[in-house]
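Participant: One structure is given below, represented as C-alpha coordinates, and several questions about it will come after.
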Amino acid sequence: MEDLIYEDYDVLEISKADNACALTETSKKVITEISLKIIVNGEELVSLLCLNQCQEELALGFLYSEGVINAVSDVMEITYNEMMFAVIIRLNQDISVNRQESLRSITSGCGKCYTYINPLKQNQYSMLPTNQRFSLNTILDVMKEFLLSSEIFKDVGGVHSVLFYHPDYQILNEDIGRHNCFDKITGILLKADRLNLAPSSILFVSGRISSEIMTKALRLGTPVLVSRSTPTTSAIRLAQQYNLTLLGYVRGERGFVYSCPERLAL
(Lines give C-alpha, C1' and ligand atoms only; values in the text may rest on other atoms or scores of the structure.)
Protein backbone atom coordinates (compact mmCIF):
# COMPACT_ATOMS: atom_id res chain seq x y z
CA MET A 1 0.00 0.00 0.00
CA GLU A 2 1.39 3.41 -0.95
CA ASP A 3 1.96 5.80 1.95
CA LEU A 4 -0.79 8.42 2.08
CA ILE A 5 0.87 11.83 2.39
CA TYR A 6 -2.25 13.95 1.96
CA GLU A 7 -6.01 13.72 1.46
CA ASP A 8 -8.33 15.86 -0.65
CA TYR A 9 -11.07 17.70 1.26
CA ASP A 10 -14.07 19.60 -0.04
CA VAL A 11 -13.79 23.15 1.30
CA LEU A 12 -15.12 26.63 0.71
CA GLU A 13 -12.63 29.16 -0.63
CA ILE A 14 -12.95 32.73 0.61
CA SER A 15 -12.49 35.60 -1.83
CA LYS A 16 -13.14 39.32 -1.69
CA ALA A 17 -13.68 41.79 -4.49
CA ASP A 18 -15.21 45.26 -4.52
CA ASN A 19 -15.65 45.02 -0.72
CA ALA A 20 -17.88 41.94 -1.12
CA CYS A 21 -16.97 38.50 0.25
CA ALA A 22 -17.77 35.26 -1.53
CA LEU A 23 -17.50 31.53 -0.80
CA THR A 24 -16.73 29.13 -3.63
CA GLU A 25 -16.76 25.35 -3.51
CA THR A 26 -13.36 23.75 -4.24
CA SER A 27 -11.05 20.98 -3.06
CA LYS A 28 -7.91 21.37 -0.96
CA LYS A 29 -5.05 18.99 -0.20
CA VAL A 30 -4.52 18.46 3.54
CA ILE A 31 -1.40 16.88 5.03
CA THR A 32 -1.89 13.57 6.84
CA GLU A 33 -0.84 12.79 10.40
CA ILE A 34 -0.50 9.34 11.92
CA SER A 35 0.32 8.08 15.38
CA LEU A 36 3.25 5.76 14.74
CA LYS A 37 3.90 3.17 17.44
CA ILE A 38 7.44 1.95 18.05
CA ILE A 39 7.29 -1.50 19.61
CA VAL A 40 10.61 -2.74 20.98
CA ASN A 41 11.09 -6.30 22.22
CA GLY A 42 7.34 -6.80 22.37
CA GLU A 43 6.49 -3.65 24.33
CA GLU A 44 5.34 -0.27 23.07
CA LEU A 45 8.11 2.23 23.71
CA VAL A 46 6.66 5.41 22.27
CA SER A 47 4.03 6.84 19.95
CA LEU A 48 5.14 9.52 17.47
CA LEU A 49 2.79 11.85 15.64
CA CYS A 50 4.29 12.12 12.18
CA LEU A 51 3.88 12.14 8.43
CA ASN A 52 3.03 8.76 6.96
CA GLN A 53 6.40 7.96 5.35
CA CYS A 54 9.90 6.58 6.18
CA GLN A 55 8.46 4.75 9.18
CA GLU A 56 11.36 2.34 9.76
CA GLU A 57 13.92 5.11 9.30
CA LEU A 58 12.07 7.28 11.81
CA ALA A 59 12.05 4.47 14.37
CA LEU A 60 15.75 3.72 13.90
CA GLY A 61 16.69 7.40 14.09
CA PHE A 62 14.58 7.91 17.19
CA LEU A 63 16.22 4.97 18.97
CA TYR A 64 19.65 6.28 18.01
CA SER A 65 18.86 9.84 19.12
CA GLU A 66 17.55 8.50 22.43
CA GLY A 67 20.72 6.46 22.97
CA VAL A 68 18.94 3.09 22.88
CA ILE A 69 21.06 1.90 19.93
CA ASN A 70 24.47 2.96 18.64
CA ALA A 71 24.44 1.21 15.26
CA VAL A 72 22.01 -0.56 12.96
CA SER A 73 23.75 -3.80 13.95
CA ASP A 74 22.12 -3.43 17.38
CA VAL A 75 18.80 -4.29 15.69
CA MET A 76 18.13 -7.97 15.03
CA GLU A 77 14.86 -7.43 13.19
CA ILE A 78 12.69 -4.50 12.07
CA THR A 79 9.34 -4.58 10.28
CA TYR A 80 6.53 -2.12 9.60
CA ASN A 81 2.92 -3.17 10.17
CA GLU A 82 0.84 -0.78 8.05
CA MET A 83 -2.46 -1.94 9.57
CA MET A 84 -1.28 -1.07 13.10
CA PHE A 85 0.84 1.93 12.07
CA ALA A 86 3.60 0.28 14.08
CA VAL A 87 7.31 -0.35 13.60
CA ILE A 88 8.16 -3.60 15.36
CA ILE A 89 11.78 -3.98 16.44
CA ARG A 90 13.74 -6.73 18.11
CA LEU A 91 17.05 -5.68 19.63
CA ASN A 92 20.14 -7.73 20.40
CA GLN A 93 19.84 -9.53 23.72
CA ASP A 94 22.50 -7.39 25.41
CA ILE A 95 20.56 -4.14 24.82
CA SER A 96 17.96 -3.10 27.37
CA VAL A 97 15.36 -0.35 27.27
CA ASN A 98 14.70 1.85 30.28
CA ARG A 99 11.01 1.38 31.00
CA GLN A 100 10.88 4.70 32.87
CA GLU A 101 11.28 6.44 29.51
CA SER A 102 8.73 4.37 27.61
CA LEU A 103 5.04 4.69 26.76
CA ARG A 104 5.31 8.32 25.81
CA SER A 105 3.40 10.17 23.16
CA ILE A 106 5.48 12.79 21.36
CA THR A 107 3.57 15.45 19.48
CA SER A 108 4.32 16.86 16.08
CA GLY A 109 5.12 20.18 17.80
CA CYS A 110 8.21 18.93 19.62
CA GLY A 111 6.34 18.35 22.85
CA LYS A 112 9.26 16.86 24.81
CA CYS A 113 11.22 20.12 24.86
CA TYR A 114 14.44 19.02 26.54
CA THR A 115 16.30 21.84 28.27
CA TYR A 116 19.39 19.81 29.11
CA ILE A 117 21.11 16.55 28.29
CA ASN A 118 20.25 13.72 30.65
CA PRO A 119 23.33 13.25 32.90
CA LEU A 120 22.95 9.48 32.52
CA LYS A 121 23.44 9.85 28.76
CA GLN A 122 26.20 12.47 28.64
CA ASN A 123 28.74 9.87 27.49
CA GLN A 124 26.78 9.59 24.23
CA TYR A 125 27.55 13.22 23.31
CA SER A 126 31.03 14.30 22.28
CA MET A 127 32.75 17.68 22.11
CA LEU A 128 32.88 18.52 18.42
CA PRO A 129 36.36 19.29 17.02
CA THR A 130 36.81 22.69 15.41
CA ASN A 131 39.67 21.93 13.01
CA GLN A 132 37.43 21.66 9.93
CA ARG A 133 36.31 24.76 8.03
CA PHE A 134 33.03 25.30 6.18
CA SER A 135 32.57 27.94 3.48
CA LEU A 136 30.10 30.63 4.50
CA ASN A 137 29.38 31.26 0.81
CA THR A 138 28.44 27.61 0.40
CA ILE A 139 26.18 27.73 3.46
CA LEU A 140 24.30 30.76 2.12
CA ASP A 141 23.97 29.27 -1.37
CA VAL A 142 22.79 25.86 -0.13
CA MET A 143 20.25 27.51 2.21
CA LYS A 144 18.73 29.41 -0.74
CA GLU A 145 18.30 26.18 -2.70
CA PHE A 146 17.06 24.29 0.36
CA LEU A 147 14.26 26.77 1.05
CA LEU A 148 12.93 26.21 -2.50
CA SER A 149 13.24 22.42 -2.51
CA SER A 150 10.46 21.30 -0.16
CA GLU A 151 8.10 19.63 -2.65
CA ILE A 152 5.46 18.58 -0.10
CA PHE A 153 5.38 22.10 1.35
CA LYS A 154 4.96 23.62 -2.11
CA ASP A 155 2.25 21.12 -3.05
CA VAL A 156 0.33 20.76 0.22
CA GLY A 157 1.93 22.80 3.02
CA GLY A 158 1.95 21.88 6.68
CA VAL A 159 5.47 20.40 6.92
CA HIS A 160 8.94 21.30 8.13
CA SER A 161 12.05 20.26 6.22
CA VAL A 162 15.63 19.36 7.10
CA LEU A 163 18.58 18.90 4.73
CA PHE A 164 21.62 16.81 5.55
CA TYR A 165 24.32 18.27 3.33
CA HIS A 166 27.64 16.65 2.44
CA PRO A 167 29.33 17.53 -0.87
CA ASP A 168 29.00 13.88 -1.93
CA TYR A 169 25.71 12.94 -0.25
CA GLN A 170 22.50 14.84 0.55
CA ILE A 171 19.25 13.86 2.26
CA LEU A 172 16.16 16.07 2.26
CA ASN A 173 13.30 15.07 4.53
CA GLU A 174 9.94 16.64 5.27
CA ASP A 175 7.56 15.95 8.15
CA ILE A 176 4.94 17.66 10.30
CA GLY A 177 7.50 17.66 13.14
CA ARG A 178 11.05 19.02 12.89
CA HIS A 179 12.30 16.38 15.33
CA ASN A 180 10.86 13.65 13.08
CA CYS A 181 12.86 15.03 10.13
CA PHE A 182 16.06 14.74 12.15
CA ASP A 183 15.30 11.21 13.28
CA LYS A 184 14.38 10.10 9.76
CA ILE A 185 17.64 11.47 8.39
CA THR A 186 19.56 9.70 11.16
CA GLY A 187 17.71 6.48 10.34
CA ILE A 188 18.49 6.82 6.64
CA LEU A 189 22.19 7.32 7.45
CA LEU A 190 22.12 4.29 9.74
CA LYS A 191 20.53 2.07 7.07
CA ALA A 192 22.96 3.31 4.41
CA ASP A 193 25.97 2.89 6.72
CA ARG A 194 26.89 6.56 6.21
CA LEU A 195 26.97 7.92 9.75
CA ASN A 196 30.68 8.50 9.17
CA LEU A 197 29.74 11.46 6.93
CA ALA A 198 28.13 13.38 9.80
CA PRO A 199 31.34 15.00 11.17
CA SER A 200 31.98 16.69 7.80
CA SER A 201 28.37 17.68 7.03
CA ILE A 202 25.94 20.53 7.63
CA LEU A 203 22.30 20.39 8.73
CA PHE A 204 19.84 22.93 7.31
CA VAL A 205 16.49 23.43 9.07
CA SER A 206 13.38 25.32 7.98
CA GLY A 207 12.10 26.03 11.50
CA ARG A 208 13.34 27.12 14.91
CA ILE A 209 16.06 25.31 16.84
CA SER A 210 14.88 24.15 20.26
CA SER A 211 17.07 22.34 22.78
CA GLU A 212 15.51 19.03 21.71
CA ILE A 213 16.54 19.65 18.11
CA MET A 214 20.02 20.56 19.31
CA THR A 215 20.42 17.28 21.22
CA LYS A 216 19.58 15.37 18.03
CA ALA A 217 22.20 17.31 16.04
CA LEU A 218 24.79 16.73 18.77
CA ARG A 219 24.01 13.03 18.99
CA LEU A 220 24.41 12.76 15.21
CA GLY A 221 27.72 14.62 15.45
CA THR A 222 27.14 17.18 12.71
CA PRO A 223 29.26 20.27 13.54
CA VAL A 224 27.20 22.96 11.76
CA LEU A 225 23.48 23.64 12.14
CA VAL A 226 21.78 26.31 10.05
CA SER A 227 18.22 27.55 10.52
CA ARG A 228 15.96 29.91 8.65
CA SER A 229 14.44 30.80 12.02
CA THR A 230 15.57 31.39 15.59
CA PRO A 231 17.34 29.21 18.13
CA THR A 232 16.23 29.16 21.75
CA THR A 233 18.54 30.17 24.59
CA SER A 234 18.82 26.54 25.74
CA ALA A 235 19.85 25.48 22.23
CA ILE A 236 22.52 28.18 22.11
CA ARG A 237 23.94 27.10 25.47
CA LEU A 238 24.16 23.49 24.30
CA ALA A 239 25.84 24.59 21.05
CA GLN A 240 28.41 26.57 23.01
CA GLN A 241 28.96 23.72 25.47
CA TYR A 242 29.68 21.14 22.75
CA ASN A 243 31.38 23.40 20.16
CA LEU A 244 28.65 23.26 17.53
CA THR A 245 28.48 26.13 15.03
CA LEU A 246 24.94 27.48 15.13
CA LEU A 247 23.50 29.91 12.59
CA GLY A 248 20.01 31.40 12.71
CA TYR A 249 17.78 33.67 10.62
CA VAL A 250 19.78 32.69 7.53
CA ARG A 251 17.80 34.20 4.68
CA GLY A 252 19.16 35.54 1.42
CA GLU A 253 22.58 37.05 2.06
CA ARG A 254 22.12 37.58 5.79
CA GLY A 255 22.03 35.67 9.06
CA PHE A 256 23.46 35.45 12.58
CA VAL A 257 26.17 33.24 14.11
CA TYR A 258 25.40 32.23 17.71
CA SER A 259 28.35 29.95 18.48
CA CYS A 260 31.73 28.70 17.24
CA PRO A 261 32.35 31.13 14.33
CA GLU A 262 35.90 29.75 14.00
CA ARG A 263 34.56 26.96 11.75
CA LEU A 264 33.37 29.42 9.13
CA ALA A 265 35.64 30.28 6.20
CA LEU A 266 34.95 33.73 4.76
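Chain identifiers are assigned as A, B, and so on, following the order in which chains appear in the C-alpha coordinates; residues are numbered from 1 within each chain, and ligands are numbered from 1 in order of appearance.
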Can you list, as a PyMOL selection string, every residue of region 14-247 of chain A that DSSP puts in alpha helix (DSSP H)?
Facilitator: chain A and resi 55-65+136-147+151-155+178-191+211-220+233-241
Participant: Please give the complete set of residues from region 181-225 of chain A that DSSP, run on the backbone, assigns to strand (DSSP E or B), formatted as a ChimeraX atom specification.
Facilitator: /A:202-205,209,224-225
Participant: Report, in Å with one decimal, the straight-line distance from CA of Ile188 (chain A) to CA of Gly61 (chain A).
Facilitator: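 Interatomic distance, CA of Ile188 (chain A) to CA of Gly61 (chain A): 7.7 Å.
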Participant: For Glu13 (chain A), work out the shell of residues within 7 Å, counting only C-alpha atoms and skipping chain neighbours fewer than 5 positions away, then give it as number ranges by chain.
Facilitator: A: 23-26
Participant: In Å, rounded to a single decimal, give me how far CA of Val156 (chain A) is from CA of Ala20 (chain A).
Facilitator: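 Atom-to-atom, CA of Ala20 (chain A) to CA of Val156 (chain A), that is 28.0 Å.
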Participant: Need the shell around region 147-153 of chain A: protein/DNA/RNA residues with any atom at most 12 Å away, counting only C-alpha atoms. Skip same-chain ones fewer than 5 positions apart. Format as a VMD selection string?
Facilitator: chain A and resid 5 to 6 29 to 32 51 53 140 to 142 158 to 163 171 to 176 204 to 207 226 to 229 250 to 252
Participant: Would you write out those residues with N, CA and C atoms, as an mmCIF file, in the first residue's frame?
Facilitator:
```cif
data_model
loop_
_atom_site.group_PDB
_atom_site.id
_atom_site.type_symbol
_atom_site.label_atom_id
_atom_site.label_comp_id
_atom_site.auth_asym_id
_atom_site.auth_seq_id
_atom_site.Cartn_x
_atom_site.Cartn_y
_atom_site.Cartn_z
ATOM 1 N N ILE A 5 0.261 10.597 1.896
ATOM 2 C CA ILE A 5 0.871 11.828 2.389
ATOM 3 C C ILE A 5 -0.170 12.918 2.616
ATOM 4 N N TYR A 6 -1.206 12.930 1.792
ATOM 5 C CA TYR A 6 -2.250 13.947 1.956
ATOM 6 C C TYR A 6 -3.584 13.366 1.516
ATOM 7 N N LYS A 29 -5.875 20.053 -0.758
ATOM 8 C CA LYS A 29 -5.045 18.993 -0.205
ATOM 9 C C LYS A 29 -4.704 19.311 1.246
ATOM 10 N N VAL A 30 -4.820 18.296 2.117
ATOM 11 C CA VAL A 30 -4.523 18.462 3.544
ATOM 12 C C VAL A 30 -3.524 17.382 3.947
ATOM 13 N N ILE A 31 -2.466 17.802 4.629
ATOM 14 C CA ILE A 31 -1.398 16.884 5.025
ATOM 15 C C ILE A 31 -1.924 15.852 6.022
ATOM 16 N N THR A 32 -1.452 14.622 5.907
ATOM 17 C CA THR A 32 -1.886 13.575 6.835
ATOM 18 C C THR A 32 -1.030 13.574 8.093
ATOM 19 N N LEU A 51 4.331 12.367 9.796
ATOM 20 C CA LEU A 51 3.877 12.143 8.430
ATOM 21 C C LEU A 51 3.992 10.660 8.106
ATOM 22 N N GLN A 53 5.339 8.391 6.260
ATOM 23 C CA GLN A 53 6.398 7.960 5.349
ATOM 24 C C GLN A 53 7.669 7.671 6.154
ATOM 25 N N LEU A 140 25.350 29.852 2.586
ATOM 26 C CA LEU A 140 24.300 30.763 2.121
ATOM 27 C C LEU A 140 23.668 30.267 0.823
ATOM 28 N N ASP A 141 24.499 29.753 -0.088
ATOM 29 C CA ASP A 141 23.974 29.268 -1.368
ATOM 30 C C ASP A 141 23.099 28.027 -1.191
ATOM 31 N N VAL A 142 23.561 27.086 -0.351
ATOM 32 C CA VAL A 142 22.788 25.863 -0.129
ATOM 33 C C VAL A 142 21.467 26.181 0.575
ATOM 34 N N GLY A 158 2.121 22.560 5.404
ATOM 35 C CA GLY A 158 1.954 21.878 6.684
ATOM 36 C C GLY A 158 3.124 21.039 7.130
ATOM 37 N N VAL A 159 4.317 21.208 6.522
ATOM 38 C CA VAL A 159 5.467 20.399 6.921
ATOM 39 C C VAL A 159 6.686 21.277 7.168
ATOM 40 N N HIS A 160 7.598 20.755 7.986
ATOM 41 C CA HIS A 160 8.942 21.297 8.127
ATOM 42 C C HIS A 160 9.866 20.496 7.221
ATOM 43 N N SER A 161 11.066 21.003 7.007
ATOM 44 C CA SER A 161 12.046 20.259 6.220
ATOM 45 C C SER A 161 13.429 20.417 6.824
ATOM 46 N N VAL A 162 14.243 19.371 6.645
ATOM 47 C CA VAL A 162 15.631 19.358 7.102
ATOM 48 C C VAL A 162 16.474 18.769 5.973
ATOM 49 N N LEU A 163 17.629 19.390 5.736
ATOM 50 C CA LEU A 163 18.575 18.903 4.729
ATOM 51 C C LEU A 163 19.872 18.501 5.412
ATOM 52 N N ILE A 171 20.554 14.421 1.918
ATOM 53 C CA ILE A 171 19.250 13.858 2.259
ATOM 54 C C ILE A 171 18.311 15.012 2.605
ATOM 55 N N LEU A 172 17.201 15.102 1.911
ATOM 56 C CA LEU A 172 16.163 16.069 2.255
ATOM 57 C C LEU A 172 14.973 15.306 2.804
ATOM 58 N N ASN A 173 14.468 15.727 3.964
ATOM 59 C CA ASN A 173 13.304 15.066 4.528
ATOM 60 C C ASN A 173 12.303 16.089 5.017
ATOM 61 N N GLU A 174 11.023 15.752 4.854
ATOM 62 C CA GLU A 174 9.937 16.635 5.273
ATOM 63 C C GLU A 174 9.011 15.881 6.220
ATOM 64 N N ASP A 175 8.490 16.571 7.219
ATOM 65 C CA ASP A 175 7.561 15.952 8.152
ATOM 66 C C ASP A 175 6.809 17.059 8.891
ATOM 67 N N ILE A 176 5.709 16.682 9.533
ATOM 68 C CA ILE A 176 4.941 17.664 10.301
ATOM 69 C C ILE A 176 5.690 18.092 11.557
ATOM 70 N N PHE A 204 20.646 21.741 7.583
ATOM 71 C CA PHE A 204 19.843 22.930 7.315
ATOM 72 C C PHE A 204 18.407 22.660 7.760
ATOM 73 N N VAL A 205 17.803 23.622 8.455
ATOM 74 C CA VAL A 205 16.491 23.428 9.068
ATOM 75 C C VAL A 205 15.573 24.584 8.685
ATOM 76 N N SER A 206 14.312 24.269 8.374
ATOM 77 C CA SER A 206 13.375 25.321 7.976
ATOM 78 C C SER A 206 12.802 26.070 9.168
ATOM 79 N N GLY A 207 12.754 25.425 10.335
ATOM 80 C CA GLY A 207 12.100 26.027 11.504
ATOM 81 C C GLY A 207 13.071 26.360 12.618
ATOM 82 N N VAL A 226 22.202 25.048 10.648
ATOM 83 C CA VAL A 226 21.778 26.315 10.049
ATOM 84 C C VAL A 226 20.263 26.353 9.987
ATOM 85 N N SER A 227 19.673 27.430 10.493
ATOM 86 C CA SER A 227 18.220 27.547 10.515
ATOM 87 C C SER A 227 17.755 28.823 9.827
ATOM 88 N N ARG A 228 16.607 28.715 9.201
ATOM 89 C CA ARG A 228 15.957 29.909 8.651
ATOM 90 C C ARG A 228 15.358 30.755 9.765
ATOM 91 N N SER A 229 15.129 30.132 10.923
ATOM 92 C CA SER A 229 14.438 30.795 12.023
ATOM 93 C C SER A 229 15.384 30.989 13.206
ATOM 94 N N VAL A 250 19.005 32.668 8.769
ATOM 95 C CA VAL A 250 19.777 32.693 7.528
ATOM 96 C C VAL A 250 18.797 32.759 6.366
ATOM 97 N N ARG A 251 18.738 33.943 5.770
ATOM 98 C CA ARG A 251 17.804 34.198 4.678
ATOM 99 C C ARG A 251 18.489 35.122 3.683
ATOM 100 N N GLY A 252 18.487 34.722 2.420
ATOM 101 C CA GLY A 252 19.157 35.536 1.415
ATOM 102 C C GLY A 252 20.639 35.618 1.684
#
```
Participant: Using only C-alpha atoms for the distances, tell me which of A:Ala198, A:Ala239, A:Leu136, A:Ala86 is nearest to Glu253 (chain A).
Facilitator: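 Among the listed residues, the smallest separation from Glu253 (chain A) belongs to A:Leu136.
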Participant: Just the residues within 12 Å of Leu189 (chain A), please, counting only C-alpha atoms, with nothing from its chain fewer than 3 positions along; format it as JSON, numbers by chain.
Facilitator: {"A": [57, 58, 60, 61, 64, 71, 72, 164, 165, 166, 169, 170, 171, 172, 182, 183, 184, 185, 186, 192, 193, 194, 195, 196, 197, 198, 220]}
Participant: Quick one: residues within 12 Å of Asp74 (chain A), only C-alpha atoms, excluding same-chain residues fewer than 2 positions away - as a list in words?
Facilitator: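 Near neighbours after the sequence-gap exclusion: Leu60, Leu63, Tyr64, Gly67, Val68, Ile69, Asn70, Ala71, Val72, Met76, Glu77, Ile78, Ile89, Arg90, Leu91, Asn92, Gln93, Asp94, Ile95, Ser96, Leu190 and Lys191 of chain A.
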Participant: Nearest to Ile213 (chain A) among A:Asn41, A:Gln132, A:Gln124, A:Thr232, with distances taken over only C-alpha atoms: which residue is it?
Facilitator: A:Thr232
Participant: Between CA of Leu264 (chain A) and CA of Thr130 (chain A), what distance in Å does the model show, to one decimal?
Facilitator: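 Interatomic distance here is 9.8 Å.
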Participant: Here is a test: counting only C-alpha atoms, which residue of A:Ser135, A:Thr233, A:Asn243, A:Ser47 is nearest to Ala265 (chain A)?
Facilitator: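 The closest residue to Ala265 (chain A) is A:Ser135.
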